[in-house]
Amino acid sequence: MLEAGADTFAGAIPTILKVNSANALLPDEMPKHQAITASVDDALRLGCAAIGFTIYPGSSASLEMFEEVAAMRAEAAARGLATVIWSYPRGETLSKDGETAMDVTAYAAQIAALLGAHIIKIKLCTDHLEQKEAKKVFQDKSIAIATQADRVAECVRSAFNGRRIMVFSGGAAKGENAVFDDARAIRDGGGNGSIIGRNSFQRKREDALAMLAKLVEIYKGRG
Amino acid sequence: MLEAGADTFAGAIPTILKVNSANALLPDEMPKHQAITASVDDALRLGCAAIGFTIYPGSSASLEMFEEVAAMRAEAAARGLATVIWSYPRGETLSKDGETAMDVTAYAAQIAALLGAHIIKIKLCTDHLEQKEAKKVFQDKSIAIATQADRVAECVRSAFNGRRIMVFSGGAAKGENAVFDDARAIRDGGGNGSIIGRNSFQRKREDALAMLAKLVEIYKGRG
Amino acid sequence: MLEAGADTFAGAIPTILKVNSANALLPDEMPKHQAITASVDDALRLGCAAIGFTIYPGSSASLEMFEEVAAMRAEAAARGLATVIWSYPRGETLSKDGETAMDVTAYAAQIAALLGAHIIKIKLCTDHLEQKEAKKVFQDKSIAIATQADRVAECVRSAFNGRRIMVFSGGAAKGENAVFDDARAIRDGGGNGSIIGRNSFQRKREDALAMLAKLVEIYKGRG
Amino acid sequence: MLEAGADTFAGAIPTILKVNSANALLPDEMPKHQAITASVDDALRLGCAAIGFTIYPGSSASLEMFEEVAAMRAEAAARGLATVIWSYPRGETLSKDGETAMDVTAYAAQIAALLGAHIIKIKLCTDHLEQKEAKKVFQDKSIAIATQADRVAECVRSAFNGRRIMVFSGGAAKGENAVFDDARAIRDGGGNGSIIGRNSFQRKREDALAMLAKLVEIYKGRG
Amino acid sequence: MLEAGADTFAGAIPTILKVNSANALLPDEMPKHQAITASVDDALRLGCAAIGFTIYPGSSASLEMFEEVAAMRAEAAARGLATVIWSYPRGETLSKDGETAMDVTAYAAQIAALLGAHIIKIKLCTDHLEQKEAKKVFQDKSIAIATQADRVAECVRSAFNGRRIMVFSGGAAKGENAVFDDARAIRDGGGNGSIIGRNSFQRKREDALAMLAKLVEIYKGRG
């Protein structure tokens, strides 16, 4: 898809080429996985600043995904491109609550950091604690997780104690105020940005631009 | 098979070398898949204009097929050949109705576009909506799908908003009038052509030539 | 095994190096398959005229076998060697009758032709029709399959309408007269030869030579 | 993670780059395995002295892990780096007791030696004997395994009769005295060191340094 | 392990580098298989005369093992090294009796010969006939299999009619006289040697040397 507009935007905004892709028609019982559909060569040819890759740490296909991104990240870095890793802990062992649990999300962020991500993208999480051993530690050490900002801070700490850029997505389309509250929590917790997709593309152009402008103000500490 | 006639037709008509092939004797319970049986080198050697590749987005083998065509498409493009992708959503999760549903077919077209197809080949579809989430959107937004031309237009939109060449096949052998009606719908919906196979090869030569001439007239707006 | 006698026979008779090999001790429930045990390099080194490869179109391993032979055939052709494909439709979906059915055998011949075989080797078949759709066509078009020669002709037609060399094996050891009748049917149907293995090796040398001489006469139209 | 501090510590202490990595969110029913997430190139670039690799001899993925480490070890050795193998006998056939059994642990050490490890890392084991045939031999030959030092000596013998460096981990966090007793047993049995992780990182800095100093004294025979 | 002593023995005795390795902790229900743990490069570097490889013809992993050894054998031969194939017919279809049956063992020897072995290593077998079709042939042709020497001769015939070196192992540790009787049978049947492992290593040095000296005398026809 970038090919369709690369010559319009080249140099104007930094682009990320997503190098693996999902398929919504896959049978549910298959392990969560994606196909590699682009290369570092493509990213260079299209003038991108980075490659993007999804991993599913809860999936039985996860080890293969880790090997794929480790190799592509090394090639990208050798050629001057950064790597953004989307770390979504879907998989056979995780309940729906588990996918957005505090401990599982923080672990997903750490995995992405260990895999060499320059930018880590994860979901905002809840205060639910999924793994028994992790629950014990959070309780024994009284780690603060009551507010969204607390939980963002814990995720940021989980990626080399804040040494990596971390951005957060919130999932389903929502009203503007919810998007702004998320941004404040991310900012207050030490995160670096909000991932916005449907929430801008599915708004009218002028409404979307206004919302994005307000988000920038929030991140600048003015809102 | 092209080798048998390549020297007769070379330069006279553009040919497409299909680089993967099906096998009708495969056990039914196997995921739908095809074997890679030719290369970009073969296509060049035979003087072809493009390579052709089938993908089955509903199959558990789909991610592997996506990776195969992404790689071959890159090699073909680097050597001056276009890529035609046949996108047939067969697979374990789809009912017979689902295979030709509006939303599934449009998604199959989008996948082919994202995989880099220069020409996309899909089946004409019905007004059946298979995926719950998609059904909701089609209804909420009142997207027109009542006529064949409406549905062709929706598929064309699904491939980068009309930026890709799209051709349609209609499946089983049928009477001439049905073939002509299909062509008018494709033309009116913004599609670029009809795929005709058995409907011409299994007719007598003069009947087939007459039918093809009539189809050309339809596409030129004269019929 | 060719290595044991290559220097005795080199140049005297053309040899074919079989590059994949079966294993009779494989568990029955495994998909029918063979191992690649020799290369095009070996064939050249041993002074062979061709490589030989078995495919099992009815097996769930068939797509992999097709990819293997397509690649080896390309390499052999690039280096001056022909490819002989043994096309035996064994597999999980085929009944014992299905393995030697008319329609299945003709399809197996076509697959071998499409895979690039210069010489196709299949089994003589029966007049049994296995696939429902094929049965309908044979009946509607009144295709002649009553005699062995009729069926040989249908198989020859299935490989690019006679453009490929086709040889037939008859399976289990049998009496001489049966071998001669098979040869006449193959000759009359337009086939190019009989595959004889055990029927000569398990006879006394002089009896085998006499039988082979008689077969040559039959193929020359004199018997 | 080494990248975060490589320039601080380079040359000051020898580092080992762990080239495969586990994932705690893998479904339990999957064979124990790890993903290759770094290369010998990475180890050289980061100024490391060795690469580290985990194998799980009790897992159905073990043969693949053995092939991976054999190949990486050869590359590392060719480029001046040593190989440390963590040999943890987890897997489908082993009971929890079996994982730390005397015979299983000694076998895990031997496997690591045969795979080319310069340094072998295993767990301290119990006097439990898991495999029937091994139990018979230990009993018939009256091999001493009653004390921890006896068992360490048996493991050291199992790696080319003491020709390889062997270090031991003790698992879960424990009190200081237990750590010191382990060290004395390792020293007395002919082992080369203790692996300490959580037992130092999860202590206050000054307590950890004091504990490590005392361990050094123990290994020097003074404690 | 050869690395530990290579410089002591180099040039003194010919050594064989075993390039694949088993793992006794594999779950029983896994197909019998081994990991490739060394290369032809390693064999050359260690001054070996040959590489050694195990195949399990009764295993569902057998085709993969055949492909592996065929490739390594070609590389070894191109670089001046011979190949020794251990052919042990373990696998899912064979009963314990089947593993040492006459017909199965002879077939295992033939497979090793066809795979290019210069030296074939198999187990001494019993007069049990496992495969129905083979049993019929042995009986119809009255092939002699009553004595151990008869059976050795049948195996030697099965490897290109005696054109390959064949050595035999006898399995479990046994008393000296049994070892000598085996050697006489192997010699009388046309075999080339006995494989001795535990029967010498687990004896006292002087007893082992005496036993080996006596075996040499037997093979020289003097015992």
# chains A, B, ... in the order shown; residues from 1 in each chain; ligands from 1

$ interface_residues --of "chain E" --to "chain D" --cutoff "8 Å" --atoms "only C-alpha atoms" --output "PyMOL selection string"
chain E and resi 1+4+23+25-27+30+34-38

$ write_last_selection --atoms "all heavy atoms" --output "PDB file, in the first residue's frame"
ATOM      1  N   MET E   1      34.079 -35.740  21.022  1.00  0.00           N
ATOM      2  CA  MET E   1      34.945 -36.553  21.857  1.00  0.00           C
ATOM      3  C   MET E   1      36.278 -36.834  21.192  1.00  0.00           C
ATOM      4  O   MET E   1      37.303 -36.917  21.840  1.00  0.00           O
ATOM      5  CB  MET E   1      34.253 -37.873  22.212  1.00  0.00           C
ATOM      6  CG  MET E   1      34.824 -38.466  23.500  1.00  0.00           C
ATOM      7  SD  MET E   1      34.525 -40.216  23.686  1.00  0.00           S
ATOM      8  CE  MET E   1      32.843 -40.239  24.325  1.00  0.00           C
ATOM      9  N   ALA E   4      39.173 -34.577  21.994  1.00  0.00           N
ATOM     10  CA  ALA E   4      39.923 -34.763  23.228  1.00  0.00           C
ATOM     11  C   ALA E   4      41.184 -35.597  22.995  1.00  0.00           C
ATOM     12  O   ALA E   4      42.161 -35.467  23.700  1.00  0.00           O
ATOM     13  CB  ALA E   4      39.033 -35.432  24.274  1.00  0.00           C
ATOM     14  N   ASN E  23      19.660 -39.563  21.229  1.00  0.00           N
ATOM     15  CA  ASN E  23      19.356 -38.957  22.531  1.00  0.00           C
ATOM     16  C   ASN E  23      18.421 -39.917  23.261  1.00  0.00           C
ATOM     17  O   ASN E  23      17.288 -40.117  22.844  1.00  0.00           O
ATOM     18  CB  ASN E  23      18.690 -37.595  22.324  1.00  0.00           C
ATOM     19  CG  ASN E  23      18.209 -36.974  23.623  1.00  0.00           C
ATOM     20  OD1 ASN E  23      18.483 -37.475  24.707  1.00  0.00           O
ATOM     21  ND2 ASN E  23      17.496 -35.870  23.520  1.00  0.00           N
ATOM     22  N   LEU E  25      16.894 -39.648  25.964  1.00  0.00           N
ATOM     23  CA  LEU E  25      15.786 -39.060  26.714  1.00  0.00           C
ATOM     24  C   LEU E  25      14.613 -38.656  25.829  1.00  0.00           C
ATOM     25  O   LEU E  25      13.671 -38.037  26.291  1.00  0.00           O
ATOM     26  CB  LEU E  25      16.264 -37.823  27.502  1.00  0.00           C
ATOM     27  CG  LEU E  25      17.206 -38.084  28.673  1.00  0.00           C
ATOM     28  CD1 LEU E  25      17.616 -36.765  29.324  1.00  0.00           C
ATOM     29  CD2 LEU E  25      16.562 -38.995  29.707  1.00  0.00           C
ATOM     30  N   LEU E  26      14.671 -38.967  24.537  1.00  0.00           N
ATOM     31  CA  LEU E  26      13.563 -38.613  23.658  1.00  0.00           C
ATOM     32  C   LEU E  26      12.309 -39.370  24.075  1.00  0.00           C
ATOM     33  O   LEU E  26      12.377 -40.531  24.452  1.00  0.00           O
ATOM     34  CB  LEU E  26      13.883 -38.970  22.206  1.00  0.00           C
ATOM     35  CG  LEU E  26      14.756 -37.997  21.434  1.00  0.00           C
ATOM     36  CD1 LEU E  26      14.952 -38.498  20.014  1.00  0.00           C
ATOM     37  CD2 LEU E  26      14.147 -36.608  21.405  1.00  0.00           C
ATOM     38  N   PRO E  27      11.138 -38.706  23.999  1.00  0.00           N
ATOM     39  CA  PRO E  27       9.894 -39.413  24.303  1.00  0.00           C
ATOM     40  C   PRO E  27       9.752 -40.636  23.392  1.00  0.00           C
ATOM     41  O   PRO E  27      10.075 -40.559  22.207  1.00  0.00           O
ATOM     42  CB  PRO E  27       8.813 -38.371  23.973  1.00  0.00           C
ATOM     43  CG  PRO E  27       9.483 -37.054  24.131  1.00  0.00           C
ATOM     44  CD  PRO E  27      10.903 -37.284  23.679  1.00  0.00           C
ATOM     45  N   MET E  30       8.004 -40.590  19.917  1.00  0.00           N
ATOM     46  CA  MET E  30       8.572 -39.855  18.776  1.00  0.00           C
ATOM     47  C   MET E  30       9.165 -40.832  17.776  1.00  0.00           C
ATOM     48  O   MET E  30       9.679 -41.884  18.159  1.00  0.00           O
ATOM     49  CB  MET E  30       9.697 -38.955  19.249  1.00  0.00           C
ATOM     50  CG  MET E  30       9.294 -37.555  19.576  1.00  0.00           C
ATOM     51  SD  MET E  30      10.756 -36.551  19.817  1.00  0.00           S
ATOM     52  CE  MET E  30      11.318 -36.314  18.131  1.00  0.00           C
ATOM     53  N   GLN E  34      17.895 -39.061  14.685  1.00  0.00           N
ATOM     54  CA  GLN E  34      19.126 -38.562  15.298  1.00  0.00           C
ATOM     55  C   GLN E  34      19.376 -37.137  14.819  1.00  0.00           C
ATOM     56  O   GLN E  34      18.835 -36.699  13.810  1.00  0.00           O
ATOM     57  CB  GLN E  34      20.316 -39.470  14.951  1.00  0.00           C
ATOM     58  CG  GLN E  34      20.209 -40.872  15.536  1.00  0.00           C
ATOM     59  CD  GLN E  34      21.538 -41.580  15.642  1.00  0.00           C
ATOM     60  OE1 GLN E  34      22.589 -41.055  15.282  1.00  0.00           O
ATOM     61  NE2 GLN E  34      21.514 -42.801  16.159  1.00  0.00           N
ATOM     62  N   ALA E  35      20.225 -36.427  15.550  1.00  0.00           N
ATOM     63  CA  ALA E  35      20.555 -35.047  15.189  1.00  0.00           C
ATOM     64  C   ALA E  35      21.912 -35.023  14.475  1.00  0.00           C
ATOM     65  O   ALA E  35      22.816 -35.774  14.833  1.00  0.00           O
ATOM     66  CB  ALA E  35      20.642 -34.182  16.441  1.00  0.00           C
ATOM     67  N   ILE E  36      22.041 -34.145  13.469  1.00  0.00           N
ATOM     68  CA  ILE E  36      23.338 -33.993  12.793  1.00  0.00           C
ATOM     69  C   ILE E  36      24.186 -33.098  13.709  1.00  0.00           C
ATOM     70  O   ILE E  36      23.809 -31.963  13.976  1.00  0.00           O
ATOM     71  CB  ILE E  36      23.190 -33.287  11.435  1.00  0.00           C
ATOM     72  CG1 ILE E  36      22.128 -33.946  10.568  1.00  0.00           C
ATOM     73  CG2 ILE E  36      24.541 -33.200  10.739  1.00  0.00           C
ATOM     74  CD1 ILE E  36      22.606 -35.031   9.707  1.00  0.00           C
ATOM     75  N   THR E  37      25.276 -33.613  14.208  1.00  0.00           N
ATOM     76  CA  THR E  37      26.067 -32.865  15.190  1.00  0.00           C
ATOM     77  C   THR E  37      27.513 -32.647  14.780  1.00  0.00           C
ATOM     78  O   THR E  37      28.303 -32.123  15.550  1.00  0.00           O
ATOM     79  CB  THR E  37      26.056 -33.604  16.549  1.00  0.00           C
ATOM     80  OG1 THR E  37      26.379 -34.975  16.302  1.00  0.00           O
ATOM     81  CG2 THR E  37      24.674 -33.540  17.186  1.00  0.00           C
ATOM     82  N   ALA E  38      27.868 -33.043  13.577  1.00  0.00           N
ATOM     83  CA  ALA E  38      29.230 -32.778  13.092  1.00  0.00           C
ATOM     84  C   ALA E  38      29.174 -32.692  11.570  1.00  0.00           C
ATOM     85  O   ALA E  38      28.171 -33.058  10.953  1.00  0.00           O
ATOM     86  CB  ALA E  38      30.188 -33.880  13.536  1.00  0.00           C
TER      87      ALA E  38
END

$ select_by_dssp --residues "stretch 47-142 of chain C" --states "strand (DSSP E)" --output "list in words"
Ala50, Ile51, Gly52, Phe53, Thr54, Ile55, Ala82, Thr83, Val84, Ile85, Trp86, Ser87, Ile119, Ile120, Lys121, Ile122 and Lys123 of chain C

$ residues_around --residues "E:Arg157" --least-positions-apart "4" --cutoff "12 Å" --atoms "only C-alpha atoms" --output "mmCIF file with N, CA and C atoms, in the first residue's frame"
data_model
loop_
_atom_site.group_PDB
_atom_site.id
_atom_site.type_symbol
_atom_site.label_atom_id
_atom_site.label_comp_id
_atom_site.auth_asym_id
_atom_site.auth_seq_id
_atom_site.Cartn_x
_atom_site.Cartn_y
_atom_site.Cartn_z
ATOM 1 N N THR E 105 16.644 -57.241 8.062
ATOM 2 C CA THR E 105 18.058 -56.902 8.193
ATOM 3 C C THR E 105 18.736 -56.869 6.827
ATOM 4 N N ALA E 106 18.403 -57.834 5.955
ATOM 5 C CA ALA E 106 19.001 -57.845 4.612
ATOM 6 C C ALA E 106 18.563 -56.597 3.832
ATOM 7 N N TYR E 107 17.304 -56.207 4.001
ATOM 8 C CA TYR E 107 16.787 -55.006 3.312
ATOM 9 C C TYR E 107 17.496 -53.758 3.844
ATOM 10 N N ALA E 109 20.493 -53.633 4.923
ATOM 11 C CA ALA E 109 21.829 -53.626 4.318
ATOM 12 C C ALA E 109 21.763 -53.116 2.889
ATOM 13 N N GLN E 110 20.722 -53.542 2.142
ATOM 14 C CA GLN E 110 20.598 -53.088 0.764
ATOM 15 C C GLN E 110 20.364 -51.573 0.693
ATOM 16 N N ALA E 113 23.582 -49.808 1.110
ATOM 17 C CA ALA E 113 24.397 -49.896 -0.101
ATOM 18 C C ALA E 113 23.895 -48.912 -1.151
ATOM 19 N N ILE E 143 15.950 -70.463 0.435
ATOM 20 C CA ILE E 143 17.187 -69.755 0.767
ATOM 21 C C ILE E 143 17.647 -70.185 2.156
ATOM 22 N N ASP E 150 24.918 -68.606 7.480
ATOM 23 C CA ASP E 150 23.980 -68.522 6.349
ATOM 24 C C ASP E 150 23.390 -67.116 6.279
ATOM 25 N N ARG E 151 22.972 -66.636 7.434
ATOM 26 C CA ARG E 151 22.287 -65.341 7.453
ATOM 27 C C ARG E 151 23.255 -64.206 7.142
ATOM 28 N N VAL E 152 24.492 -64.340 7.621
ATOM 29 C CA VAL E 152 25.508 -63.335 7.273
ATOM 30 C C VAL E 152 25.700 -63.330 5.757
ATOM 31 N N ALA E 153 25.763 -64.502 5.153
ATOM 32 C CA ALA E 153 25.958 -64.600 3.704
ATOM 33 C C ALA E 153 24.810 -63.947 2.949
ATOM 34 N N ASN E 161 25.609 -57.884 -4.021
ATOM 35 C CA ASN E 161 26.207 -59.203 -4.196
ATOM 36 C C ASN E 161 27.652 -59.268 -3.699
ATOM 37 N N GLY E 162 27.854 -58.684 -2.516
ATOM 38 C CA GLY E 162 29.159 -58.803 -1.879
ATOM 39 C C GLY E 162 30.166 -57.720 -2.247
ATOM 40 N N ARG E 163 29.752 -56.719 -3.012
ATOM 41 C CA ARG E 163 30.710 -55.683 -3.423
ATOM 42 C C ARG E 163 30.976 -54.631 -2.358
ATOM 43 N N ARG E 164 30.352 -54.712 -1.186
ATOM 44 C CA ARG E 164 30.563 -53.697 -0.167
ATOM 45 C C ARG E 164 31.078 -54.341 1.112
ATOM 46 N N ILE E 165 31.888 -53.619 1.852
ATOM 47 C CA ILE E 165 32.401 -54.087 3.134
ATOM 48 C C ILE E 165 31.258 -54.082 4.140
ATOM 49 N N MET E 166 31.100 -55.228 4.851
ATOM 50 C CA MET E 166 30.011 -55.310 5.801
ATOM 51 C C MET E 166 30.514 -55.801 7.152
ATOM 52 N N GLY E 189 30.510 -66.525 6.799
ATOM 53 C CA GLY E 189 29.439 -66.055 5.913
ATOM 54 C C GLY E 189 29.917 -65.022 4.908
ATOM 55 N N GLY E 190 31.202 -64.632 4.997
ATOM 56 C CA GLY E 190 31.725 -63.659 4.037
ATOM 57 C C GLY E 190 31.687 -62.227 4.524
ATOM 58 N N GLY E 191 31.356 -62.024 5.809
ATOM 59 C CA GLY E 191 31.358 -60.672 6.365
ATOM 60 C C GLY E 191 32.786 -60.233 6.657
#

$ select_by_dssp --residues "stretch 11-185 of chain E" --states "alpha helix (DSSP H)" --output "PyMOL selection string"
chain E and resi 40-45+62-78+96-99+102-114+132-140+148-157+176-185

$ residues_around --residues "E:Ser200" --least-positions-apart "4" --cutoff "9 Å" --atoms "only C-alpha atoms" --output "list in words"
Ile196, Lys204, Arg205, Asp207, Ala208, Leu209, Met211 and Leu212 of chain E

$ write_last_selection --atoms "C-alpha atoms" --output "PDB file, in the first residue's frame"
ATOM      1  CA  ILE E 196      32.986 -54.400  19.450  1.00  0.00           C
ATOM      2  CA  LYS E 204      39.940 -54.749  32.160  1.00  0.00           C
ATOM      3  CA  ARG E 205      42.543 -53.514  29.688  1.00  0.00           C
ATOM      4  CA  ASP E 207      41.502 -58.893  29.127  1.00  0.00           C
ATOM      5  CA  ALA E 208      40.209 -56.657  26.369  1.00  0.00           C
ATOM      6  CA  LEU E 209      43.505 -56.692  24.472  1.00  0.00           C
ATOM      7  CA  MET E 211      40.108 -60.772  23.384  1.00  0.00           C
ATOM      8  CA  LEU E 212      40.812 -58.451  20.493  1.00  0.00           C
TER       9      LEU E 212
END

$ atom_distance --atom1 "atom CA of B:Glu99" --atom2 "atom CA of B:Lys174"
19.5 Å

$ residues_around --residues "E:Ser194" --least-positions-apart "3" --cutoff "6 Å" --atoms "only C-alpha atoms" --output "tab-separated table (two decimals) with all heavy atoms, in the first residue's frame"
chain	number	residue	atom	x	y	z
E	167	VAL	N	30.17	-55.07	8.20
E	167	VAL	CA	30.57	-55.45	9.56
E	167	VAL	C	29.31	-55.58	10.41
E	167	VAL	O	28.28	-54.98	10.11
E	167	VAL	CB	31.54	-54.43	10.17
E	167	VAL	CG1	32.87	-54.46	9.41
E	167	VAL	CG2	30.97	-53.03	10.18
E	168	PHE	N	29.42	-56.41	11.47
E	168	PHE	CA	28.24	-56.78	12.25
E	168	PHE	C	28.43	-56.47	13.72
E	168	PHE	O	29.51	-56.71	14.29
E	168	PHE	CB	27.98	-58.28	12.09
E	168	PHE	CG	27.60	-58.67	10.69
E	168	PHE	CD1	28.57	-58.79	9.70
E	168	PHE	CD2	26.27	-58.87	10.35
E	168	PHE	CE1	28.22	-59.13	8.39
E	168	PHE	CE2	25.90	-59.22	9.04
E	168	PHE	CZ	26.88	-59.34	8.07
E	169	SER	N	27.38	-55.99	14.34
E	169	SER	CA	27.40	-55.82	15.79
E	169	SER	C	26.46	-56.84	16.39
E	169	SER	O	25.54	-57.33	15.72
E	169	SER	CB	26.97	-54.41	16.19
E	169	SER	OG	25.62	-54.20	15.82

$ atom_distance --atom1 "atom CA of A:Trp86" --atom2 "atom CA of A:Ile119"
8.7 Å
